[in-house]
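Data block for run17.cif (mmCIF, C-alpha atoms):
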```
data_data
loop_
_atom_site.label_atom_id
_atom_site.label_comp_id
_atom_site.auth_asym_id
_atom_site.auth_seq_id
_atom_site.Cartn_x
_atom_site.Cartn_y
_atom_site.Cartn_z
CA MET W 1 32.24 -18.80 1.24
CA GLN W 2 32.82 -15.92 -1.14
CA ASP W 3 30.65 -17.64 -3.70
CA ASN W 4 27.98 -18.33 -1.16
CA LEU W 5 27.78 -14.68 -0.26
CA THR W 6 27.39 -13.50 -3.82
CA HIS W 7 24.72 -16.08 -4.52
CA LEU W 8 22.90 -15.06 -1.40
CA ASP W 9 23.18 -11.44 -2.50
CA GLN W 10 21.74 -12.38 -5.86
CA LEU W 11 18.73 -13.97 -4.23
CA LYS W 12 18.29 -10.95 -1.99
CA GLU W 13 18.45 -8.61 -4.94
CA ILE W 14 15.93 -10.68 -6.88
CA ARG W 15 13.53 -10.46 -3.94
CA GLN W 16 14.05 -6.72 -3.64
CA ILE W 17 13.39 -6.10 -7.31
CA MET W 18 10.28 -8.28 -7.25
CA GLU W 19 8.95 -6.31 -4.31
CA LYS W 20 9.93 -2.94 -5.71
CA SER W 21 8.28 -3.65 -9.05
CA THR W 22 4.95 -4.73 -7.57
CA LYS W 23 4.60 -2.72 -4.39
CA PHE W 24 4.06 0.94 -3.75
CA ILE W 25 6.74 1.48 -1.14
CA SER W 26 6.92 5.27 -1.10
CA LEU W 27 3.94 5.67 1.21
CA SER W 28 5.35 7.78 4.00
CA GLY W 29 5.12 6.59 7.60
CA ILE W 30 5.09 10.12 8.92
CA SER W 31 1.98 10.78 6.84
CA GLY W 32 0.23 8.25 9.11
CA VAL W 33 1.12 10.37 12.12
CA TRP W 34 -0.11 13.46 10.31
CA VAL W 35 -3.43 11.82 9.38
CA GLY W 36 -3.85 10.70 12.99
CA PHE W 37 -3.43 14.18 14.41
CA VAL W 38 -5.72 15.71 11.78
CA ALA W 39 -8.40 13.17 12.72
CA LEU W 40 -8.02 13.87 16.43
CA ALA W 41 -8.30 17.62 15.75
CA GLY W 42 -11.42 17.06 13.64
CA ILE W 43 -13.08 14.95 16.32
CA ALA W 44 -12.12 17.43 19.04
CA VAL W 45 -13.73 20.27 17.07
CA VAL W 46 -17.03 18.36 16.96
CA LEU W 47 -16.90 17.42 20.63
CA PHE W 48 -16.24 20.96 21.76
CA SER W 49 -18.70 22.59 19.35
CA PHE W 50 -21.46 20.36 20.64
CA ASP W 51 -20.14 19.90 24.13
CA SER W 52 -23.52 20.50 25.73
CA TYR W 53 -24.76 17.22 24.25
CA PHE W 54 -21.71 15.14 24.74
CA PHE W 55 -20.77 16.22 28.20
CA THR W 56 -24.18 16.60 29.80
CA ARG W 57 -25.12 13.13 28.64
CA TYR W 58 -21.95 11.74 30.06
CA SER W 59 -22.42 13.48 33.39
CA ASP W 60 -25.93 12.06 33.52
CA GLY W 61 -24.36 8.68 33.48
CA GLY W 62 -25.90 7.86 30.10
CA VAL W 63 -24.13 7.63 26.81
CA PHE W 64 -24.39 10.06 23.97
CA SER W 65 -26.21 8.90 20.90
CA VAL W 66 -27.36 11.17 18.13
CA ASP W 67 -30.50 9.12 17.74
CA LYS W 68 -31.51 10.08 21.24
CA LEU W 69 -31.42 13.78 20.45
CA LEU W 70 -35.04 14.69 20.27
CA ASN W 71 -34.65 18.10 18.76
CA TYR W 72 -34.73 17.62 15.00
CA ASN W 73 -33.04 20.93 14.22
CA ASP W 74 -30.14 20.22 16.52
CA LEU W 75 -29.70 16.78 15.06
CA ASN W 76 -29.68 18.24 11.56
CA ARG W 77 -27.15 20.83 12.60
CA LEU W 78 -24.88 18.22 14.15
CA ILE W 79 -25.01 15.93 11.12
CA ARG W 80 -24.22 18.80 8.77
CA PHE W 81 -21.43 19.97 11.03
CA VAL W 82 -19.87 16.50 11.21
CA LEU W 83 -20.08 16.04 7.44
CA ILE W 84 -18.41 19.37 6.68
CA ASP W 85 -15.85 18.80 9.42
CA ALA W 86 -15.08 15.33 8.07
CA LEU W 87 -14.71 16.67 4.54
CA ILE W 88 -12.25 19.35 5.61
CA MET W 89 -10.26 16.80 7.63
CA LEU W 90 -10.21 14.47 4.64
CA VAL W 91 -8.72 17.19 2.42
CA PHE W 92 -6.09 18.04 5.03
CA ALA W 93 -5.28 14.39 5.73
CA ILE W 94 -5.03 13.27 2.10
CA GLY W 95 -3.23 16.44 1.01
CA GLY W 96 -0.63 16.07 3.74
CA ALA W 97 -0.17 12.36 3.05
CA ILE W 98 0.40 13.04 -0.65
CA LEU W 99 2.95 15.78 0.04
CA LEU W 100 4.86 13.66 2.56
CA THR W 101 4.83 10.67 0.22
CA ILE W 102 6.16 12.75 -2.69
CA ARG W 103 8.89 14.04 -0.42
CA LYS W 104 9.86 10.52 0.66
CA ALA W 105 9.88 9.26 -2.94
CA LYS W 106 12.11 12.14 -4.04
CA LYS W 107 14.52 11.46 -1.22
CA LYS W 108 14.79 7.83 -2.29
CA GLY W 109 14.97 8.69 -5.98
CA LEU W 110 11.78 6.78 -6.81
CA SER W 111 9.00 8.01 -9.01
CA VAL W 112 5.74 8.52 -7.13
CA TRP W 113 3.22 8.08 -9.89
CA ASP W 114 3.97 4.68 -11.39
CA LYS W 115 2.11 1.46 -12.02
CA THR W 116 2.40 0.34 -8.41
CA ALA W 117 0.97 3.63 -7.13
CA LYS W 118 -1.96 3.35 -9.51
CA ARG W 119 -2.68 -0.24 -8.48
CA PHE W 120 -2.44 0.71 -4.82
CA LEU W 121 -4.83 3.63 -5.21
CA VAL W 122 -7.39 1.71 -7.26
CA SER W 123 -7.45 -1.18 -4.79
CA LEU W 124 -7.83 1.35 -1.98
CA MET W 125 -10.43 3.55 -3.61
CA VAL W 126 -12.93 0.93 -4.74
CA PRO W 127 -13.90 -0.26 -1.24
CA LEU W 128 -13.39 3.22 0.19
CA ALA W 129 -15.69 4.97 -2.30
CA THR W 130 -18.26 2.22 -1.82
CA GLY W 131 -18.10 2.83 1.93
CA GLY W 132 -18.39 6.59 1.49
CA ILE W 133 -21.48 6.31 -0.67
CA PHE W 134 -22.97 3.66 1.61
CA THR W 135 -22.46 5.94 4.62
CA LEU W 136 -24.19 8.81 2.83
CA ILE W 137 -27.09 6.48 2.04
CA LEU W 138 -27.32 5.51 5.72
CA ILE W 139 -27.51 9.20 6.63
CA TYR W 140 -30.07 9.79 3.89
CA HIS W 141 -32.28 7.13 5.46
CA GLY W 142 -31.74 8.55 8.92
CA ILE W 143 -29.75 5.57 10.18
CA PHE W 144 -27.21 7.87 11.83
CA ALA W 145 -25.98 5.47 14.45
CA MET W 146 -24.52 3.10 11.84
CA ALA W 147 -22.85 5.80 9.74
CA GLY W 148 -19.85 6.19 12.04
CA PRO W 149 -19.12 2.46 12.44
CA ALA W 150 -19.58 1.97 8.67
CA THR W 151 -16.79 4.43 7.86
CA LEU W 152 -14.37 2.50 10.10
CA ILE W 153 -15.35 -0.89 8.65
CA PHE W 154 -15.06 0.16 5.01
CA TYR W 155 -11.83 2.03 5.62
CA GLY W 156 -10.37 -1.06 7.23
CA LEU W 157 -11.47 -3.29 4.36
CA ALA W 158 -9.97 -0.83 1.89
CA LEU W 159 -6.62 -0.97 3.69
CA ILE W 160 -6.65 -4.78 3.82
CA ASN W 161 -7.41 -4.85 0.10
CA ALA W 162 -4.73 -2.31 -0.82
CA GLY W 163 -2.19 -4.02 1.44
CA ARG W 164 -1.37 -6.38 -1.39
CA PHE W 165 0.20 -3.51 -3.29
CA THR W 166 2.22 -1.87 -0.57
CA LEU W 167 4.21 -2.92 2.49
CA ASN W 168 2.13 -5.61 4.18
CA ASP W 169 2.02 -3.91 7.57
CA ILE W 170 -0.88 -1.73 6.50
CA ARG W 171 -3.11 -4.81 6.59
CA PHE W 172 -2.80 -4.97 10.35
CA LEU W 173 -3.97 -1.38 10.54
CA GLY W 174 -6.91 -2.38 8.34
CA LEU W 175 -7.74 -5.34 10.55
CA PHE W 176 -7.84 -3.16 13.65
CA GLU W 177 -10.01 -0.57 11.90
CA VAL W 178 -12.54 -3.26 10.96
CA LEU W 179 -12.52 -4.59 14.51
CA LEU W 180 -13.10 -1.11 15.95
CA GLY W 181 -15.88 -0.52 13.42
CA LEU W 182 -17.65 -3.70 14.50
CA LEU W 183 -17.27 -2.77 18.16
CA ALA W 184 -18.58 0.72 17.41
CA ALA W 185 -21.61 -0.83 15.72
CA LEU W 186 -22.20 -3.00 18.77
CA PHE W 187 -21.70 -0.32 21.42
CA LEU W 188 -23.68 2.55 19.98
CA GLY W 189 -23.08 5.95 21.43
CA TYR W 190 -19.33 5.70 21.65
CA THR W 191 -18.66 6.45 17.98
CA ALA W 192 -16.61 9.55 18.79
CA ILE W 193 -14.31 7.46 20.98
CA PHE W 194 -13.97 4.67 18.42
CA TRP W 195 -13.25 7.26 15.75
CA ALA W 196 -10.60 8.88 17.90
CA ILE W 197 -8.95 5.49 18.43
CA GLY W 198 -9.36 4.27 14.84
CA PHE W 199 -8.63 7.36 12.79
CA GLY W 200 -6.47 9.12 15.35
CA LEU W 201 -4.51 6.87 17.67
CA LEU W 202 -4.07 3.88 15.33
CA HIS W 203 -2.77 6.08 12.51
CA ILE W 204 -0.24 7.68 14.81
CA ILE W 205 0.96 4.32 16.12
CA TYR W 206 1.07 2.85 12.60
CA GLY W 207 2.97 5.88 11.28
CA LEU W 208 5.56 5.70 14.03
CA VAL W 209 6.03 1.95 13.60
CA MET W 210 6.50 2.35 9.84
CA TYR W 211 8.88 5.24 10.30
CA PHE W 212 11.14 3.41 12.71
CA LYS W 213 10.90 0.09 10.89
CA TYR W 214 11.60 1.26 7.33
CA GLU W 215 12.65 4.90 7.19
CA LYS W 216 14.94 5.43 10.13
CA MET V 1 29.73 -29.24 -6.32
CA ASP V 2 30.61 -28.78 -10.00
CA ASN V 3 27.37 -30.43 -10.83
CA ILE V 4 25.37 -27.89 -8.91
CA ILE V 5 27.19 -24.93 -10.41
CA SER V 6 26.61 -26.23 -13.91
CA LYS V 7 22.90 -25.96 -13.28
CA LEU V 8 23.18 -22.18 -13.01
CA ASN V 9 21.93 -20.64 -16.22
CA LYS V 10 24.58 -18.63 -18.07
CA ALA V 11 21.88 -16.44 -19.57
CA PHE V 12 21.12 -15.04 -16.11
CA GLU V 13 24.66 -14.36 -15.06
CA SER V 14 24.49 -10.60 -15.31
CA ARG V 15 22.77 -8.54 -12.64
CA VAL V 16 20.73 -6.68 -15.22
CA ARG V 17 19.31 -9.88 -16.69
CA LEU V 18 18.49 -11.20 -13.24
CA GLY V 19 16.74 -7.92 -12.59
CA ILE V 20 14.76 -8.01 -15.82
CA MET V 21 13.59 -11.57 -15.17
CA SER V 22 12.73 -10.79 -11.54
CA VAL V 23 10.47 -7.96 -12.64
CA LEU V 24 8.81 -10.06 -15.34
CA MET V 25 8.17 -12.96 -12.98
CA VAL V 26 5.85 -10.85 -10.85
CA ASN V 27 4.44 -8.46 -13.48
CA ASP V 28 2.41 -9.58 -16.49
CA SER V 29 4.24 -7.08 -18.65
CA ILE V 30 6.28 -3.92 -18.26
CA ASP V 31 7.33 -1.16 -20.63
CA PHE V 32 10.88 -0.18 -21.42
CA ASN V 33 10.93 3.06 -19.45
CA SER V 34 9.48 1.58 -16.26
CA LEU V 35 12.01 -1.21 -16.45
CA LYS V 36 14.82 1.27 -16.96
CA GLU V 37 13.73 3.24 -13.94
CA LEU V 38 13.32 0.17 -11.75
CA LEU V 39 16.76 -1.19 -12.54
CA ASN V 40 18.36 2.24 -12.69
CA ILE V 41 20.45 1.66 -15.80
CA THR V 42 21.03 3.34 -19.16
CA ASP V 43 18.99 2.81 -22.34
CA GLY V 44 21.79 1.10 -24.20
CA ASN V 45 22.69 -1.23 -21.38
CA LEU V 46 19.10 -2.32 -20.85
CA ALA V 47 18.46 -2.73 -24.58
CA SER V 48 21.42 -5.03 -25.10
CA HIS V 49 20.43 -7.29 -22.20
CA LEU V 50 16.82 -7.36 -23.37
CA LYS V 51 18.02 -8.36 -26.80
CA ALA V 52 20.04 -11.22 -25.34
CA LEU V 53 17.08 -12.54 -23.36
CA GLU V 54 14.87 -12.15 -26.39
CA LYS V 55 17.30 -14.23 -28.43
CA GLU V 56 17.07 -17.01 -25.86
CA GLU V 57 13.29 -16.69 -26.20
CA TYR V 58 12.99 -16.09 -22.48
CA ILE V 59 11.07 -12.87 -23.03
CA GLY V 60 8.56 -11.69 -25.60
CA VAL V 61 8.36 -8.19 -27.02
CA LYS V 62 5.19 -6.31 -27.82
CA LYS V 63 5.36 -3.09 -29.79
CA GLN V 64 2.37 -0.81 -30.00
CA PHE V 65 1.42 2.82 -30.21
CA ILE V 66 -0.08 4.69 -27.30
CA GLY V 67 -1.50 7.71 -29.02
CA ARG V 68 1.36 8.66 -31.32
CA LYS V 69 4.13 7.44 -29.07
CA PRO V 70 5.63 4.04 -29.73
CA ASN V 71 5.56 1.86 -26.66
CA THR V 72 7.54 -1.33 -26.24
CA SER V 73 6.57 -3.73 -23.53
CA TYR V 74 8.08 -7.00 -22.44
CA GLU V 75 6.78 -10.17 -20.88
CA ALA V 76 8.35 -13.41 -19.77
CA THR V 77 7.66 -16.46 -21.92
CA GLU V 78 6.78 -19.81 -20.36
CA ALA V 79 10.26 -21.04 -21.23
CA GLY V 80 11.74 -17.96 -19.59
CA LYS V 81 9.78 -18.46 -16.38
CA GLU V 82 10.74 -22.12 -16.27
CA ALA V 83 14.42 -21.35 -16.85
CA PHE V 84 14.44 -18.61 -14.25
CA ASN V 85 12.79 -20.83 -11.65
CA GLN V 86 15.41 -23.50 -12.27
CA HIS V 87 18.13 -20.89 -11.92
CA LEU V 88 16.66 -19.76 -8.61
CA LYS V 89 16.49 -23.31 -7.40
CA ALA V 90 20.11 -23.88 -8.38
CA LEU V 91 21.11 -20.76 -6.45
CA GLU V 92 19.25 -22.00 -3.39
CA ASP V 93 20.76 -25.47 -3.60
CA LEU V 94 24.20 -23.96 -3.91
CA ILE V 95 23.71 -21.89 -0.78
CA LYS V 96 22.32 -24.87 1.12
CA SER V 97 25.20 -27.12 0.10
CA THR V 98 27.86 -24.64 1.23
CA GLU V 99 26.03 -24.21 4.51
CA THR V 100 26.18 -27.92 5.26
CA ASP V 101 29.84 -28.06 4.18
CA GLU V 102 30.88 -25.80 6.97
#
```
Conversion result in structure tokens:
Amino acid sequence: MQDNLTHLDQLKEIRQIMEKSTKFISLSGISGVWVGFVALAGIAVVLFSFDSYFFTRYSDGGVFSVDKLLNYNDLNRLIRFVLIDALIMLVFAIGGAILLTIRKAKKKGLSVWDKTAKRFLVSLMVPLATGGIFTLILIYHGIFAMAGPATLIFYGLALINAGRFTLNDIRFLGLFEVLLGLLAALFLGYTAIFWAIGFGLLHIIYGLVMYFKYEK
Amino acid sequence: MDNIISKLNKAFESRVRLGIMSVLMVNDSIDFNSLKELLNITDGNLASHLKALEKEEYIGVKKQFIGRKPNTSYEATEAGKEAFNQHLKALEDLIKSTETDE
């Protein structure tokens, strides 16, 4: 029995080392919660800054869609506002996630910037940057309605791709993001809601799950 | 029972060597410092175990310069991978056999 235990421990240790040497495991769960709240705040700012559009359309019984805004100047203003808002949120979200991840790595005595981190980031950034540029091209061509859903779809694909180099759970988050993106593309006019669910709610749920599963 | 135990490879008896091989099974190659950090051991300790595995020809060594710094990286040879897989299988069989004994 004693022997059995040590052999089992050996196998366990081998598995751990294999995982540790290929996967970026320092990604903080709490950073997911942070990103979620930042996203919700960013979306709320847009909704309240342009509440006349959103809320009058809803009270009319119709749905809000930027394409239906006839006033060109207002549309321009909204697009610019959303872009700047999204950029600021991105900086806050990524900055916070990096800080929290560094903190977690330090606590566990792991180095943050190693081969696994690089692989994770590259596999995340390639689809993500493609999606970002593609979204800007959509906006450039005036296809505003598809810009929102596209961000969700590409973000989800990026997560699924990068999931190979971190704890697998993130792939489920990616799958849901893609699903929401497709739904958002189908049901135009609800982008703000799908964004709030995808970038806000899902991140918070994912972060909490990761925190209680691995860090508690 | 003795038969199964004899299949365990003596070269992989130490924890450090198991660790080194585990890393090299899933990474194409890894440099000395990353390996040291992963396994959390001292330079001397790691070096002596690497030497032993090298002597068995289970790992290959590649020395090169990155800029002006010398960089030593290691990779598992085909023989090393084969031997390690057999060792893993022996470990598994051993665990299975004791489970059915009880």
Find the residues of chain V that sit at most 6 Å from chain W; for each, write down the nearest two atoms and how far apart they are in Å, to one decimal. Count only C-alpha atoms. Sort by chain, then by number going up, and give it as a Markdown table.
```
| residue | atom | partner | partner_atom | distance |
| --- | --- | --- | --- | --- |
| V:Ser22 | CA | W:Met18 | CA | 5.5 |
| V:Val23 | CA | W:Met18 | CA | 5.4 |
| V:Ile95 | CA | W:Asn4 | CA | 5.6 |
```
Written as a PyMOL selection string, what is the full residue list that the PyMOL selection byres ((chain W and resi 198-205) around 10) yields on the file shown? chain W and resi 29-43+151-152+155-156+173-174+176-181+192-197+206-211
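When only C-alpha atoms are used to compute distances to Asn161 in chain W, the closest of the residues W:Val122, W:Ala185, W:Ile137, W:Ile94 turns out to be W:Val122.
Evaluated against this file, the PyMOL selection byres ((chain V and resi 47) around 12) yields V:Val16, V:Arg17, V:Ile20, V:Asp31, V:Phe32, V:Asn33, V:Leu35, V:Lys36, V:Ile41, V:Thr42, V:Asp43, V:Gly44, V:Asn45, V:Leu46, V:Ser48, V:His49, V:Leu50, V:Lys51, V:Ala52, V:Leu53, V:Glu54, V:Val61, V:Thr72, V:Ser73, V:Tyr74.
Reported to one decimal place, the separation of CA of Leu18 in chain V from CA of Ser97 in chain V is 21.8 Å.
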Target residues per the PyMOL selection byres ((chain W and resi 102) around 12), formatted as an mmCIF file with C-alpha atoms, in the coordinates of the input:
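Result went into selection.cif, see below:
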```cif
data_model
loop_
_atom_site.group_PDB
_atom_site.id
_atom_site.type_symbol
_atom_site.label_atom_id
_atom_site.label_comp_id
_atom_site.auth_asym_id
_atom_site.auth_seq_id
_atom_site.Cartn_x
_atom_site.Cartn_y
_atom_site.Cartn_z
ATOM 1 C CA ILE W 25 6.740 1.480 -1.140
ATOM 2 C CA SER W 26 6.920 5.270 -1.100
ATOM 3 C CA LEU W 27 3.940 5.670 1.210
ATOM 4 C CA SER W 28 5.350 7.780 4.000
ATOM 5 C CA ILE W 30 5.090 10.120 8.920
ATOM 6 C CA SER W 31 1.980 10.780 6.840
ATOM 7 C CA GLY W 95 -3.230 16.440 1.010
ATOM 8 C CA GLY W 96 -0.630 16.070 3.740
ATOM 9 C CA ALA W 97 -0.170 12.360 3.050
ATOM 10 C CA ILE W 98 0.400 13.040 -0.650
ATOM 11 C CA LEU W 99 2.950 15.780 0.040
ATOM 12 C CA LEU W 100 4.860 13.660 2.560
ATOM 13 C CA THR W 101 4.830 10.670 0.220
ATOM 14 C CA ARG W 103 8.890 14.040 -0.420
ATOM 15 C CA LYS W 104 9.860 10.520 0.660
ATOM 16 C CA ALA W 105 9.880 9.260 -2.940
ATOM 17 C CA LYS W 106 12.110 12.140 -4.040
ATOM 18 C CA LYS W 107 14.520 11.460 -1.220
ATOM 19 C CA LYS W 108 14.790 7.830 -2.290
ATOM 20 C CA GLY W 109 14.970 8.690 -5.980
ATOM 21 C CA LEU W 110 11.780 6.780 -6.810
ATOM 22 C CA SER W 111 9.000 8.010 -9.010
ATOM 23 C CA VAL W 112 5.740 8.520 -7.130
ATOM 24 C CA TRP W 113 3.220 8.080 -9.890
ATOM 25 C CA ALA W 117 0.970 3.630 -7.130
#
```
Nearest to Phe12 in chain V, chosen from V:Ile30, V:Leu39, V:Leu91, V:Ile66, with only C-alpha atoms counted in the distances: V:Leu91
CA of Ser29 in chain V sits from CA of Glu75 in chain V at a separation of 4.6 Å
Using only C-alpha atoms: which of V:Thr77, V:Asn9, V:Gln64, V:Asn71 has the shortest distance to Met25 in chain V: V:Thr77
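The point (-22.9, 12.3, 2.0) has these residues within 12 Å of it, counting only C-alpha atoms: Ile79, Arg80, Phe81, Val82, Leu83, Ile84, Ala86, Leu87, Ala129, Thr130, Gly131, Gly132, Ile133, Phe134, Thr135, Leu136, Ile137, Leu138, Ile139, Tyr140, His141, Gly142, Phe144, Ala147 and Thr151 of chain W.
Among W:Ile143, W:Leu183, W:Ala162, W:Leu47, the residue with the shortest atom-to-atom distance to Leu124 in chain W, counting all atoms listed in the file, is W:Ala162.
Across the structure, CA of Leu186 in chain W and CA of Ile153 in chain W are spaced 12.4 Å apart.
Residues in contact with Ala158 in chain W at up to 8 Å, not including ones fewer than 5 positions away on its chain and judged by only C-alpha atoms, are Ser123, Leu124, Met125, Val126, Pro127, Leu128 and Gly174 of chain W.
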Draw an axis-aligned box over all listed atoms of range 179-190 of chain W, pad each side with 4 Å, and write its centre and edge lengths in Å, one decimal, as lines of an AutoDock Vina configuration file.
```
center_x = -18.1
center_y = 0.7
center_z = 17.5
size_x = 19.2
size_y = 18.5
size_z = 16.2
```
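Shortest atom-to-atom contact with Asn27 in chain V among W:Arg77, W:Ala93, W:Arg119, W:Ala44: W:Arg119, counting all atoms listed in the file.
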From the coordinates supplied, range 72-111 of chain W should be written with C-alpha atoms, as a compact mmCIF listing (two decimals), in the first residue's frame.
```
# COMPACT_ATOMS: atom_id res chain seq x y z
CA TYR W 72 -26.23 61.29 -39.45
CA ASN W 73 -24.56 63.58 -36.91
CA ASP W 74 -26.05 61.75 -33.98
CA LEU W 75 -25.03 58.42 -35.40
CA ASN W 76 -21.49 59.68 -35.88
CA ARG W 77 -21.43 61.00 -32.35
CA LEU W 78 -22.64 57.70 -30.93
CA ILE W 79 -20.12 55.63 -32.88
CA ARG W 80 -17.26 57.87 -31.79
CA PHE W 81 -18.49 57.80 -28.22
CA VAL W 82 -18.73 54.00 -28.18
CA LEU W 83 -15.26 53.62 -29.69
CA ILE W 84 -13.61 55.93 -27.17
CA ASP W 85 -15.60 54.38 -24.33
CA ALA W 86 -14.60 50.89 -25.44
CA LEU W 87 -10.94 51.89 -25.68
CA ILE W 88 -10.92 53.32 -22.16
CA MET W 89 -12.66 50.20 -20.83
CA LEU W 90 -10.12 48.02 -22.62
CA VAL W 91 -7.23 49.84 -20.94
CA PHE W 92 -8.87 49.54 -17.52
CA ALA W 93 -9.83 45.91 -18.05
CA ILE W 94 -6.46 44.73 -19.38
CA GLY W 95 -4.49 46.84 -16.91
CA GLY W 96 -6.43 45.45 -13.96
CA ALA W 97 -6.18 41.88 -15.24
CA ILE W 98 -2.40 42.21 -15.61
CA LEU W 99 -1.98 43.64 -12.11
CA LEU W 100 -4.15 40.95 -10.52
CA THR W 101 -2.35 38.22 -12.44
CA ILE W 102 1.07 39.50 -11.36
CA ARG W 103 -0.16 39.56 -7.79
CA LYS W 104 -1.42 35.98 -8.01
CA ALA W 105 1.83 34.77 -9.59
CA LYS W 106 3.89 36.44 -6.86
CA LYS W 107 1.77 34.86 -4.18
CA LYS W 108 2.34 31.43 -5.70
CA GLY W 109 6.03 32.08 -6.34
CA LEU W 110 5.69 31.67 -10.11
CA SER W 111 7.19 33.92 -12.70
```
